[in-house]
Amino acid sequence: MDGELVLGFAYEPSTPGADGDRLLLEGDENRDEPPARPIPSPRDVANGIRIDRCGLHPVAGLKQEYLSSADDIAPYLPSAVDRAISRSEVEALLPLMLSEIDDRHHTIWLVGGAVRDLLTEPEHPIKDLDFCGTIPTGEFYDLAHESLARAGSGDYERGVSMRGVVYIKPLAAGKRIVEYKALTLGGFRFLSSGGDLTEDTAGRDFTVNSLYYDLRRQLIIDPSGHGIEHLRHAPSRLVIAYQGDNPVEQASIVLRGLKFLIRWPDADASALANWAGSLPADLNERIPTGKWKLLTAVWHNGVAKKHRRRAIELAADLGPVAAALLRKLSDGPHNAA
């Protein structure tokens with residue numbers, strides 16, 4: 001932009017929508033908070049200030065063997081995804097959103113649980129659809145509003161979570177049915193986006209949750225190179241994809257691992273146990289006080305109350321750090337629910 005290299009994007013939630021999107025330039029890695037530098041507006045563009053896209057596509061750096069046509073390895077997947085969308089509460093919304101994203105020359109992928117479950121069980125009921133892509137957080141927030149209006153879906157609301165996830169949920173009490181997160185970008189002291197699929201995978205929890213599906217090209221992308229292998233292994237293997245050292249993310253992955261062990265009791269958890277055993281002994285102390293509410297929500301949303309005693313037993317099998325985390329969550333004042 002104007003001769004400077006754009007590294008990525010951040011989002012300022014106090015300014016909802018595209019007005020909250022921030023440009024990250026060289027040197028912003030040393031900041032503690034995002035800069036007050038908005039993305040050029042249409043008026044700026046008219047005056048010659050614009051972003052010229054000259055970088056590689058997020059898929060460009062991947063090995064060819066990490067990209068597979070659905071016809072080659074899961075010919076049933078395109079129709080399974082279509083059925084999941086047609087059965088969702090936002091059937092009319094998604095085509096409008098996808099078309100608008102195409103018109104803006106951005107790319108979006110279905111990712112996470114829907115891809116994982118439909119690959120193993122094409123008729124599996126899908127409760128929510130998770131997407132990631134190249135469109136910045138605030139711009140997607142506005143796009144969701146416009147698409148909801150065009151679809152006549154006035155009984156839904158949208159928001160942005162503390163993790164930078166844009167979500168759509170019913171106005172009445174209900175769970176999120178669509179989530180979107182801009183591709184993760186590392187190297188900053190605050191949430192940032194604009195990375196490639198390799199970097200995005202390094203910010204996810206498990207390889208089996210790091211499978212991306214391009215709805216337009218019917219392409220399955222496995223940036224870790226092992227997600228499909230681990231998913232189809234008998235039994236499925238829980239192998240960590242996350243490469244960071246954020247204690248909140250580490251604790252969240254332990255909790256999500258326990259959720260999987262409840263759901264998949266026969267899963268091979270040896271890699272998860274090895275990873276959990278390598279976590280710092282003072283993990284609980286490294287977690288900021290204000291983040292325990294978030295972790296409590298991960299715990300309660302991921303593991304039903306009737307399964308929590310068993311999850312606590314499984315945490316002990318993952319080692320002393322995981323066991324201490326569960327004791328803290330079970331006994332602390334943040335565990336009011």
# chains A, B, ... in the order shown; residues from 1 in each chain; ligands from 1
$ residues_around --residues "Lys169 in chain A" --least-positions-apart "2" --cutoff "10 Å" --atoms "only C-alpha atoms" --output "ChimeraX atom specification"
/A:89-90,128,155-159,167,171-179
$ residues_around --residues "Glu65 in chain A" --least-positions-apart "5" --cutoff "10 Å" --atoms "only C-alpha atoms" --output "list in words"
Ile221, Asp222, Pro223 and Gly225 of chain A
$ write_last_selection --atoms "all heavy atoms" --output "mmCIF file, in the first residue's frame"
data_model
loop_
_atom_site.group_PDB
_atom_site.id
_atom_site.type_symbol
_atom_site.label_atom_id
_atom_site.label_comp_id
_atom_site.auth_asym_id
_atom_site.auth_seq_id
_atom_site.Cartn_x
_atom_site.Cartn_y
_atom_site.Cartn_z
ATOM 1 N N ILE A 221 -7.977 -29.947 1.259
ATOM 2 C CA ILE A 221 -6.617 -29.477 1.515
ATOM 3 C C ILE A 221 -6.209 -29.925 2.914
ATOM 4 O O ILE A 221 -6.931 -29.707 3.889
ATOM 5 C CB ILE A 221 -6.541 -27.940 1.388
ATOM 6 C CG1 ILE A 221 -7.103 -27.507 0.031
ATOM 7 C CG2 ILE A 221 -5.102 -27.451 1.551
ATOM 8 C CD1 ILE A 221 -7.271 -26.004 -0.120
ATOM 9 N N ASP A 222 -5.039 -30.536 2.992
ATOM 10 C CA ASP A 222 -4.525 -31.101 4.248
ATOM 11 C C ASP A 222 -3.129 -30.510 4.500
ATOM 12 O O ASP A 222 -2.107 -31.160 4.242
ATOM 13 C CB ASP A 222 -4.456 -32.627 4.113
ATOM 14 C CG ASP A 222 -3.986 -33.329 5.380
ATOM 15 O OD1 ASP A 222 -3.781 -32.641 6.399
ATOM 16 O OD2 ASP A 222 -3.822 -34.566 5.336
ATOM 17 N N PRO A 223 -3.058 -29.264 5.011
ATOM 18 C CA PRO A 223 -1.763 -28.579 5.109
ATOM 19 C C PRO A 223 -0.737 -29.276 5.995
ATOM 20 O O PRO A 223 0.470 -29.123 5.782
ATOM 21 C CB PRO A 223 -2.134 -27.203 5.667
ATOM 22 C CG PRO A 223 -3.564 -27.010 5.291
ATOM 23 C CD PRO A 223 -4.161 -28.375 5.394
ATOM 24 N N GLY A 225 -0.328 -32.403 6.103
ATOM 25 C CA GLY A 225 0.101 -33.605 5.402
ATOM 26 C C GLY A 225 -0.295 -34.900 6.084
ATOM 27 O O GLY A 225 -0.009 -35.987 5.578
#
$ closest_residue --among "A:Leu197, A:Leu261, A:Ile228, A:Cys132" --to "Ser68 in chain A" --atoms "only C-alpha atoms"
A:Ile228
$ residues_around --residues "Pro13 in chain A" --least-positions-apart "3" --cutoff "10 Å" --atoms "only C-alpha atoms" --output "PyMOL selection string"
chain A and resi 10+16-17+19-21+137-138+159-162+164
$ select_by_dssp --residues "range 167-334 of chain A" --states "strand (DSSP E)" --output "PyMOL selection string"
chain A and resi 167-170+178-182+212-214+219-221
$ select_by_dssp --residues "range 7-186 of chain A" --states "alpha helix (DSSP H)" --output "PyMOL selection string"
chain A and resi 42-46+70-73+77-87+93-103+113-120+137-150
$ atom_distance --atom1 "CA of Pro280 in chain A" --atom2 "CA of Val321 in chain A"
7.4 Å
$ residues_around --residues "Asp28 in chain A" --least-positions-apart "6" --cutoff "10 Å" --atoms "only C-alpha atoms" --output "list of chain:residue names"
A:Leu7, A:Gly8, A:Pro34, A:Pro35, A:Gly187, A:Phe188, A:Arg189
$ closest_residue --among "A:Lys293, A:Ile240, A:Ser210, A:Pro247" --to "Asn274 in chain A" --atoms "only C-alpha atoms"
A:Ile240
$ closest_residue --among "A:Val298, A:Leu325, A:Ile253, A:Gly154" --to "Trp275 in chain A" --atoms "only C-alpha atoms"
A:Ile253
